[in-house]
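Here is the structure we will look at, set down as structure tokens.
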Amino acid sequence: MTGLTDLGIAAIRDGVADGSVSAREVAEAYIAAVEAGRPLNAFTVETPEHALAAADTADAARASGELKPLSGVPLGIKDLFATEGVDTTAGSRILSGFKPRYESTVSGKLFAAGAGMLGKLNMDEFAMGSSNETSAWGPVLSPWRRKDGGNAALTPGGSSGGSASAVSARLAPGVTGTDTGGSIRQPAAFTGISGIKPTYGRCSRWGIVAFASSLDQAGPMARDVRDCAILLEAMAGFDPKDSTSLDLPVPNWEAALSSDLRGKKVGIPREYRIDGVPEEIGRVWDHGIALLKDAGAEIVEVSLPHTKYALPTYYIIAPAEASSNLARYDGVRYGRRVQPEQGGLTEMYEATRAEGFGAEVKRRIMIGTYVLSAGFYDAYFNQAQKVRALIARDFDQAWASCDLLLTPTAPSAAFGLGEKMADPIAMYLNDVFAVPASLAGLPAMSVPGGVDGQGLPLGLQIIGRPLDEQSVLDAGLAIEERSGFTARAERWW
Ligand code: GLN
């Protein structure tokens with residue numbers, strides 16, 4: 001499967017435009033890769049007809065000189081995005097059989113820009129998880145394996161695990177992800193690819209199954225920074241159907257890409273050096289610092305004093321919002337209904353939700369309902385909102401002395417399937433470096449920084465000022481150009 005599936009987004013776009021590549025052949029190559037990649041369980045639905053139709057449109061458009069920014073580019077779409085007429089389950093049994101009659105704004109924009117859809121990507125149920133193991137459709141396997149770990153199956157991370165695995169295994173040149181508390185960045189880090197969560201409000205949330213509305217953001221995942229910039233440009237933009245969408249023009253991020261960081265200050269937050277994190281994570285971080293220095297950036301130490309409260313704050317706010325958002329799955333309006341023989345409406349609600357939701361989703365609904373209950377609202381939810389403001393203020397103050405922040409993306413490399421499922425707290429700790437930027441609504445990206453002793457990828461996170469995706473992408477490019485990261489998972493599937 002070499003050749004056409006080695007082409008990323010920019011290469012496909014440019015090749016289709018200059019006639020050196022046929023969009024139809026690219027689509028066929030990726031469709032074959034998706035079929036061969038089934039052991040990874042990355043896709044929940046395959047839609048080859050959609051990818052082929054877009055490819056034929058692209059080849060015809062070249063002939064008539066009407067190419068669009070993504071003409072001929074086949075993509076995978078995370079199953080959290082509503083896709084018209086195509087199963088959309090959010091990784092949950094409760095939505096099995098749900099075929100939306102509408103298209104999410106973001107996937108609609110990608111298709112309007114000429115992209116085709118290879119299929120829908122597996123994910124943690126309702127995007128709750130860090131390993132893709134909470135999916136009702138089974139875990140996604142990472143294409144990566146430990147050097148001396150036998151054939152132990154590793155997680156691609158989560159919740160955008162199908163997205164990460166598909167890009168890393170070259171089943172798709174690029175995909176959509178969503179990130180509420182790290183779900184683009186952590187899987188990107190685990191699989192040696194790049195992914196960016198833009199500023200909250202850049203991408204419309206309309207038609208994305210809601211998890212925690214004040215945190216959810218869509219973003220791209222791809223093989224390199226340029227491809228992320230291209231996809232993000234097509235995904236972003238004002239949408240009157242989302243009240244939190246930002247009414248701002250979409251910059252031409254790709255055209256402005258520059259890895260020359262002279263004049264930029266990069267802050268290194270000292271609170272991110274936490275105990276118990278493997279030494280290799282610190283080593284990759286130091287390596288990243290050196291690379292940014294080499295690109296001309298000035299490195300400064302900064303303090304984000306409320307960092308240690310970010311994880312508990314996130315795990316109050318996100319479940320609170322989730323418990324409210326998930327109230328709509330009642331067996332009446334969407335997907336699955338379970339009607340017990342005895343009983344009426346209440347029993348139908350109970351049976352539907354008992355059978356439809358998995359254990360992690362139920363845990364979140366219970367936590368969320370608890371922290372919002374009359375007796376505990378002030379002690380938990382209200383308090384968490386206040387701490388969230390302090391975390392955001394830490395960043396505001398840091399921007400007085402730097403333009404960007406560099407941290408590790410995750411506290412470990414990919415772990416084995418089953419290793420953390422029995423311990424929710426261990427699972428939640430995955431998000432320790434990712435959630436502060438989410439709570440503050442900041443743009444943040446993960447790019448590969450190096451590999452650990454087992455040959456597994458480790459990611460570096462770049463966090464930027466609100467709306468400054470450009471500087472984040474530029475720093476990502478600087479790391480990409482200098483890190484010499486070329487590791488790829490060896491094909492076993
Ligand atoms: N792992 C985090 C959680 O389980 C983040 C998920 C996400 O960003 N969607 O909530």
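In the structure tokens, chains take the letters A, B, ... in the order shown, each chain's residues start at 1, and ligands count up from 1 in the order shown.
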Near-ligand residues for ligand 1, threshold 9 Å, only C-alpha atoms and all ligand atoms, as a PyMOL selection string: chain A and resi 124+126-131+157-160+178-186+211-212+215-217+314-315+318-319+360+364+427-431+434-435+438
Out of segment 54-169 of chain A, which residues get strand (DSSP E or B) from DSSP, as a PDB file with all heavy atoms, in the first residue's frame?
ATOM      1  N   PRO A  74      -9.694  12.907   0.209  1.00  0.00           N
ATOM      2  CA  PRO A  74     -10.609  12.059   0.975  1.00  0.00           C
ATOM      3  C   PRO A  74     -10.286  12.151   2.469  1.00  0.00           C
ATOM      4  O   PRO A  74      -9.127  12.084   2.867  1.00  0.00           O
ATOM      5  CB  PRO A  74     -10.316  10.654   0.434  1.00  0.00           C
ATOM      6  CG  PRO A  74      -8.922  10.702  -0.093  1.00  0.00           C
ATOM      7  CD  PRO A  74      -8.538  12.134  -0.325  1.00  0.00           C
ATOM      8  N   LEU A  75     -11.318  12.316   3.269  1.00  0.00           N
ATOM      9  CA  LEU A  75     -11.111  12.513   4.707  1.00  0.00           C
ATOM     10  C   LEU A  75     -11.918  11.501   5.522  1.00  0.00           C
ATOM     11  O   LEU A  75     -12.917  10.971   5.045  1.00  0.00           O
ATOM     12  CB  LEU A  75     -11.572  13.914   5.121  1.00  0.00           C
ATOM     13  CG  LEU A  75     -10.868  15.106   4.482  1.00  0.00           C
ATOM     14  CD1 LEU A  75     -11.569  16.401   4.896  1.00  0.00           C
ATOM     15  CD2 LEU A  75      -9.390  15.153   4.877  1.00  0.00           C
ATOM     16  N   GLY A  76     -11.495  11.301   6.751  1.00  0.00           N
ATOM     17  CA  GLY A  76     -12.308  10.572   7.718  1.00  0.00           C
ATOM     18  C   GLY A  76     -12.993  11.580   8.627  1.00  0.00           C
ATOM     19  O   GLY A  76     -12.425  12.622   8.948  1.00  0.00           O
ATOM     20  N   ILE A  77     -14.219  11.280   9.041  1.00  0.00           N
ATOM     21  CA  ILE A  77     -14.986  12.199   9.887  1.00  0.00           C
ATOM     22  C   ILE A  77     -15.294  11.493  11.208  1.00  0.00           C
ATOM     23  O   ILE A  77     -15.894  10.405  11.212  1.00  0.00           O
ATOM     24  CB  ILE A  77     -16.307  12.618   9.198  1.00  0.00           C
ATOM     25  CG1 ILE A  77     -16.042  13.241   7.811  1.00  0.00           C
ATOM     26  CG2 ILE A  77     -17.117  13.560  10.094  1.00  0.00           C
ATOM     27  CD1 ILE A  77     -15.376  14.603   7.819  1.00  0.00           C
ATOM     28  N   LYS A  78     -14.888  12.106  12.304  1.00  0.00           N
ATOM     29  CA  LYS A  78     -15.178  11.534  13.625  1.00  0.00           C
ATOM     30  C   LYS A  78     -16.682  11.343  13.781  1.00  0.00           C
ATOM     31  O   LYS A  78     -17.465  12.191  13.342  1.00  0.00           O
ATOM     32  CB  LYS A  78     -14.633  12.470  14.714  1.00  0.00           C
ATOM     33  CG  LYS A  78     -14.737  11.918  16.141  1.00  0.00           C
ATOM     34  CD  LYS A  78     -14.122  12.872  17.171  1.00  0.00           C
ATOM     35  CE  LYS A  78     -14.189  12.311  18.584  1.00  0.00           C
ATOM     36  NZ  LYS A  78     -13.614  13.222  19.594  1.00  0.00           N
ATOM     37  N   PHE A  81     -19.641  13.993  14.545  1.00  0.00           N
ATOM     38  CA  PHE A  81     -20.195  14.974  13.609  1.00  0.00           C
ATOM     39  C   PHE A  81     -21.417  14.370  12.925  1.00  0.00           C
ATOM     40  O   PHE A  81     -21.320  13.272  12.345  1.00  0.00           O
ATOM     41  CB  PHE A  81     -19.170  15.347  12.530  1.00  0.00           C
ATOM     42  CG  PHE A  81     -17.971  16.094  13.053  1.00  0.00           C
ATOM     43  CD1 PHE A  81     -16.937  15.425  13.693  1.00  0.00           C
ATOM     44  CD2 PHE A  81     -17.878  17.473  12.902  1.00  0.00           C
ATOM     45  CE1 PHE A  81     -15.830  16.112  14.184  1.00  0.00           C
ATOM     46  CE2 PHE A  81     -16.765  18.169  13.380  1.00  0.00           C
ATOM     47  CZ  PHE A  81     -15.744  17.485  14.024  1.00  0.00           C
ATOM     48  N   THR A  83     -23.699  13.545  10.096  1.00  0.00           N
ATOM     49  CA  THR A  83     -23.518  13.485   8.648  1.00  0.00           C
ATOM     50  C   THR A  83     -24.840  13.043   8.041  1.00  0.00           C
ATOM     51  O   THR A  83     -25.392  12.009   8.433  1.00  0.00           O
ATOM     52  CB  THR A  83     -22.396  12.488   8.289  1.00  0.00           C
ATOM     53  OG1 THR A  83     -22.517  11.341   9.131  1.00  0.00           O
ATOM     54  CG2 THR A  83     -21.027  13.109   8.463  1.00  0.00           C
ATOM     55  N   VAL A  86     -26.024   9.428   6.969  1.00  0.00           N
ATOM     56  CA  VAL A  86     -24.975   8.449   7.313  1.00  0.00           C
ATOM     57  C   VAL A  86     -24.962   8.262   8.832  1.00  0.00           C
ATOM     58  O   VAL A  86     -24.937   9.240   9.586  1.00  0.00           O
ATOM     59  CB  VAL A  86     -23.584   8.929   6.840  1.00  0.00           C
ATOM     60  CG1 VAL A  86     -22.499   7.945   7.259  1.00  0.00           C
ATOM     61  CG2 VAL A  86     -23.570   9.136   5.332  1.00  0.00           C
ATOM     62  N   GLY A 116     -13.992  14.599   0.085  1.00  0.00           N
ATOM     63  CA  GLY A 116     -14.891  13.450   0.133  1.00  0.00           C
ATOM     64  C   GLY A 116     -14.757  12.761   1.477  1.00  0.00           C
ATOM     65  O   GLY A 116     -13.817  13.022   2.234  1.00  0.00           O
ATOM     66  N   MET A 117     -15.706  11.880   1.788  1.00  0.00           N
ATOM     67  CA  MET A 117     -15.684  11.190   3.084  1.00  0.00           C
ATOM     68  C   MET A 117     -15.426   9.702   2.891  1.00  0.00           C
ATOM     69  O   MET A 117     -16.174   9.015   2.200  1.00  0.00           O
ATOM     70  CB  MET A 117     -17.022  11.405   3.802  1.00  0.00           C
ATOM     71  CG  MET A 117     -17.173  10.599   5.085  1.00  0.00           C
ATOM     72  SD  MET A 117     -18.552  11.129   6.127  1.00  0.00           S
ATOM     73  CE  MET A 117     -19.945  10.711   5.090  1.00  0.00           C
ATOM     74  N   LEU A 118     -14.373   9.218   3.544  1.00  0.00           N
ATOM     75  CA  LEU A 118     -14.055   7.787   3.495  1.00  0.00           C
ATOM     76  C   LEU A 118     -14.934   6.993   4.456  1.00  0.00           C
ATOM     77  O   LEU A 118     -15.178   5.808   4.243  1.00  0.00           O
ATOM     78  CB  LEU A 118     -12.589   7.567   3.866  1.00  0.00           C
ATOM     79  CG  LEU A 118     -11.573   8.061   2.839  1.00  0.00           C
ATOM     80  CD1 LEU A 118     -10.198   8.214   3.485  1.00  0.00           C
ATOM     81  CD2 LEU A 118     -11.510   7.100   1.658  1.00  0.00           C
ATOM     82  N   GLY A 119     -15.366   7.659   5.519  1.00  0.00           N
ATOM     83  CA  GLY A 119     -16.203   6.977   6.501  1.00  0.00           C
ATOM     84  C   GLY A 119     -16.206   7.736   7.814  1.00  0.00           C
ATOM     85  O   GLY A 119     -15.623   8.818   7.925  1.00  0.00           O
ATOM     86  N   LYS A 120     -16.906   7.149   8.787  1.00  0.00           N
ATOM     87  CA  LYS A 120     -17.007   7.736  10.117  1.00  0.00           C
ATOM     88  C   LYS A 120     -16.035   7.013  11.057  1.00  0.00           C
ATOM     89  O   LYS A 120     -15.868   5.788  10.969  1.00  0.00           O
ATOM     90  CB  LYS A 120     -18.442   7.608  10.660  1.00  0.00           C
ATOM     91  CG  LYS A 120     -19.495   8.252   9.793  1.00  0.00           C
ATOM     92  CD  LYS A 120     -19.406   9.776   9.702  1.00  0.00           C
ATOM     93  CE  LYS A 120     -19.727  10.518  10.977  1.00  0.00           C
ATOM     94  NZ  LYS A 120     -21.163  10.534  11.334  1.00  0.00           N
ATOM     95  N   LEU A 121     -15.451   7.792  11.956  1.00  0.00           N
ATOM     96  CA  LEU A 121     -14.366   7.265  12.783  1.00  0.00           C
ATOM     97  C   LEU A 121     -14.808   6.951  14.205  1.00  0.00           C
ATOM     98  O   LEU A 121     -15.481   7.756  14.862  1.00  0.00           O
ATOM     99  CB  LEU A 121     -13.215   8.276  12.792  1.00  0.00           C
ATOM    100  CG  LEU A 121     -12.552   8.406  11.417  1.00  0.00           C
ATOM    101  CD1 LEU A 121     -11.830   9.736  11.289  1.00  0.00           C
ATOM    102  CD2 LEU A 121     -11.614   7.237  11.158  1.00  0.00           C
ATOM    103  N   LEU A 154      -1.846  -1.613  21.772  1.00  0.00           N
ATOM    104  CA  LEU A 154      -1.777  -0.308  22.434  1.00  0.00           C
ATOM    105  C   LEU A 154      -2.968   0.550  22.031  1.00  0.00           C
ATOM    106  O   LEU A 154      -3.523   0.407  20.942  1.00  0.00           O
ATOM    107  CB  LEU A 154      -0.490   0.423  22.039  1.00  0.00           C
ATOM    108  CG  LEU A 154       0.829  -0.267  22.389  1.00  0.00           C
ATOM    109  CD1 LEU A 154       1.998   0.593  21.911  1.00  0.00           C
ATOM    110  CD2 LEU A 154       0.936  -0.495  23.895  1.00  0.00           C
TER     111      LEU A 154
END
Contact residues around His306 of chain A with only C-alpha atoms at 9 Å, ignoring same-chain residues under 5 positions, as number ranges by chain: A: 271, 387, 390-391, 394
Can you write just those residues out, N, CA and C atoms, as an mmCIF file, in the first residue's frame?
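What ended up in out22.cif:
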data_model
loop_
_atom_site.group_PDB
_atom_site.id
_atom_site.type_symbol
_atom_site.label_atom_id
_atom_site.label_comp_id
_atom_site.auth_asym_id
_atom_site.auth_seq_id
_atom_site.Cartn_x
_atom_site.Cartn_y
_atom_site.Cartn_z
ATOM 1 N N GLU A 271 4.971 24.758 36.517
ATOM 2 C CA GLU A 271 4.026 23.837 37.178
ATOM 3 C C GLU A 271 3.747 22.576 36.360
ATOM 4 N N VAL A 387 -12.703 28.677 39.926
ATOM 5 C CA VAL A 387 -11.323 28.237 39.696
ATOM 6 C C VAL A 387 -11.005 28.290 38.203
ATOM 7 N N LEU A 390 -9.789 31.567 37.424
ATOM 8 C CA LEU A 390 -8.401 31.781 37.890
ATOM 9 C C LEU A 390 -7.401 31.131 36.933
ATOM 10 N N ILE A 391 -7.766 29.971 36.420
ATOM 11 C CA ILE A 391 -6.880 29.291 35.469
ATOM 12 C C ILE A 391 -6.738 30.141 34.200
ATOM 13 N N ASP A 394 -4.424 32.997 34.908
ATOM 14 C CA ASP A 394 -3.002 32.597 34.878
ATOM 15 C C ASP A 394 -2.434 32.777 33.471
#
Under the rule of at most 10 Å, produce a per-residue listing of segment 385-416 of chain A near segment 468-476 of chain A: chain, number, name, the closest pair of atoms, and the distance in Å, as JSON lines, using only C-alpha atoms.
{"residue": "A:Asp403", "atom": "CA", "partner": "A:Ser471", "partner_atom": "CA", "distance": 8.0}
{"residue": "A:Leu404", "atom": "CA", "partner": "A:Val472", "partner_atom": "CA", "distance": 7.2}
{"residue": "A:Leu405", "atom": "CA", "partner": "A:Val472", "partner_atom": "CA", "distance": 9.0}
{"residue": "A:Leu406", "atom": "CA", "partner": "A:Ala475", "partner_atom": "CA", "distance": 9.3}
Just list as an MDAnalysis selection string whatever in segment 55-203 of chain A DSSP marks as helix (DSSP H, G or I). chainID A and resid 55:64 93:95 105:112 125:127 161:168 185:191
Would you put the residues from that selection into a file with C-alpha atoms, as a compact mmCIF listing (two decimals), in the first residue's frame?
# COMPACT_ATOMS: atom_id res chain seq x y z
CA ALA A 55 -13.11 12.45 -6.44
CA ASP A 56 -14.97 12.34 -9.74
CA THR A 57 -16.23 15.86 -9.14
CA ALA A 58 -12.63 16.93 -8.46
CA ASP A 59 -11.28 15.34 -11.65
CA ALA A 60 -14.05 17.01 -13.65
CA ALA A 61 -13.37 20.32 -11.91
CA ARG A 62 -9.74 20.18 -12.94
CA ALA A 63 -10.78 19.76 -16.54
CA SER A 64 -13.08 22.78 -16.29
CA ARG A 93 -25.40 2.25 21.57
CA ILE A 94 -28.11 4.77 22.40
CA LEU A 95 -27.61 6.39 19.00
CA THR A 105 -21.53 22.80 9.79
CA VAL A 106 -17.91 21.64 9.91
CA SER A 107 -18.31 18.48 7.83
CA GLY A 108 -20.55 20.44 5.45
CA LYS A 109 -17.83 23.05 5.01
CA LEU A 110 -15.24 20.36 4.26
CA PHE A 111 -17.48 18.78 1.62
CA ALA A 112 -18.33 22.20 0.17
CA GLU A 125 -18.65 7.06 23.81
CA PHE A 126 -19.84 10.68 23.63
CA ALA A 127 -16.13 11.62 23.54
CA GLY A 161 -8.85 7.33 18.73
CA GLY A 162 -10.24 6.26 15.37
CA SER A 163 -9.14 9.58 13.92
CA ALA A 164 -5.59 9.18 15.22
CA SER A 165 -5.24 5.57 14.20
CA ALA A 166 -6.57 6.27 10.68
CA VAL A 167 -4.09 9.08 10.05
CA SER A 168 -1.17 7.28 11.63
CA ARG A 185 -4.01 16.47 21.25
CA GLN A 186 -3.53 13.33 23.35
CA PRO A 187 -4.36 10.85 20.53
CA ALA A 188 -2.17 12.87 18.15
CA ALA A 189 0.69 12.56 20.66
CA PHE A 190 0.14 8.81 21.12
CA THR A 191 0.26 8.10 17.39
Test item: residues at most 6 Å from Ser446 of chain A, only C-alpha atoms, excluding those fewer than 2 positions along its chain, as a PyMOL selection string: chain A and resi 185+194-195+459-461
To one decimal place, how far is atom CA of Phe433 of chain A from atom CA of Pro312 of chain A in Å? 12.5 Å
Excluding Glu301 of chain A and its own-chain neighbours fewer than 2 positions away, which residues fall within 12 Å of it when counting only C-alpha atoms? Please give them as number ranges by chain. A: 265-273, 289, 298-299, 303-304, 398-399, 401-402, 404-407
Counting only C-alpha atoms, the option among A:Leu467, A:Asn151, A:Arg388, A:Gly368 closest to Trp253 of chain A: A:Leu467
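Distance annotation: of A:Arg262, A:Arg226, A:Lys386, A:Arg202, the residue with the minimal separation from Phe238 of chain A is A:Arg202; atom set is only C-alpha atoms.
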For Arg482 of chain A, list every protein, DNA or RNA residue within 9 Å, evaluated using only C-alpha atoms, and leave out those in the same chain fewer than 4 positions away; present the list as an MDAnalysis selection string. chainID A and resid 291:292 294:295 477:478
Those residues you just picked out, can you put them in a file as a PDB file, in the first residue's frame with C-alpha atoms?
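Everything below was put into selection.pdb:
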ATOM      1  CA  LEU A 291      14.453  23.214  18.817  1.00  0.00           C
ATOM      2  CA  LEU A 292      12.430  26.376  19.373  1.00  0.00           C
ATOM      3  CA  ASP A 294      17.257  27.056  17.326  1.00  0.00           C
ATOM      4  CA  ALA A 295      14.327  28.502  15.347  1.00  0.00           C
ATOM      5  CA  LEU A 477       6.293  23.795  11.985  1.00  0.00           C
ATOM      6  CA  ALA A 478       9.575  24.877  13.573  1.00  0.00           C
TER       7      ALA A 478
END
Please identify all polymer residues within 8 Å of Val277 of chain A, counting only C-alpha atoms, omitting same-chain residues fewer than 4 positions from it, and present them as a list in words.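 Result of the neighbour search: Ile281, Gly282, Pro411 and Ser412 of chain A.
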Would you mind exporting the chosen residues as a PDB file, in the first residue's frame, restricted to N, CA, C and O atoms?
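Everything below was put into out.pdb:
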ATOM      1  N   ILE A 281       9.595  11.954  29.197  1.00  0.00           N
ATOM      2  CA  ILE A 281       8.706  13.071  28.856  1.00  0.00           C
ATOM      3  C   ILE A 281       9.477  14.379  29.039  1.00  0.00           C
ATOM      4  O   ILE A 281       9.435  15.275  28.189  1.00  0.00           O
ATOM      5  N   GLY A 282      10.196  14.478  30.156  1.00  0.00           N
ATOM      6  CA  GLY A 282      11.013  15.665  30.406  1.00  0.00           C
ATOM      7  C   GLY A 282      12.097  15.841  29.353  1.00  0.00           C
ATOM      8  O   GLY A 282      12.410  16.955  28.939  1.00  0.00           O
ATOM      9  N   PRO A 411       1.240  12.850  29.831  1.00  0.00           N
ATOM     10  CA  PRO A 411       2.247  12.437  30.807  1.00  0.00           C
ATOM     11  C   PRO A 411       2.882  11.081  30.535  1.00  0.00           C
ATOM     12  O   PRO A 411       3.688  10.621  31.343  1.00  0.00           O
ATOM     13  N   SER A 412       2.517  10.422  29.440  1.00  0.00           N
ATOM     14  CA  SER A 412       3.141   9.126  29.122  1.00  0.00           C
ATOM     15  C   SER A 412       3.017   8.880  27.632  1.00  0.00           C
ATOM     16  O   SER A 412       2.308   9.598  26.933  1.00  0.00           O
TER      17      SER A 412
END
So the first atom is atom CA of Ala115 of chain A and the second is atom CA of Thr199 of chain A; what is the distance between them in Å, to one decimal place?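 So the answer is 23.4 Å.
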Report the distance between atom CA of Thr313 of chain A and atom CA of Gly441 of chain A in Å, rounded to one decimal place.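 If I compute the distance from atom CA of Thr313 of chain A to atom CA of Gly441 of chain A, I get 14.1 Å.
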When distances are computed from only C-alpha atoms, which of A:Gly237, A:Leu417, A:Ile316, A:Ser96 shows the smallest separation from Tyr370 of chain A?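 Checking each of A:Gly237, A:Leu417, A:Ile316, A:Ser96 against Tyr370 of chain A, counting only C-alpha atoms, the winner is A:Ile316.
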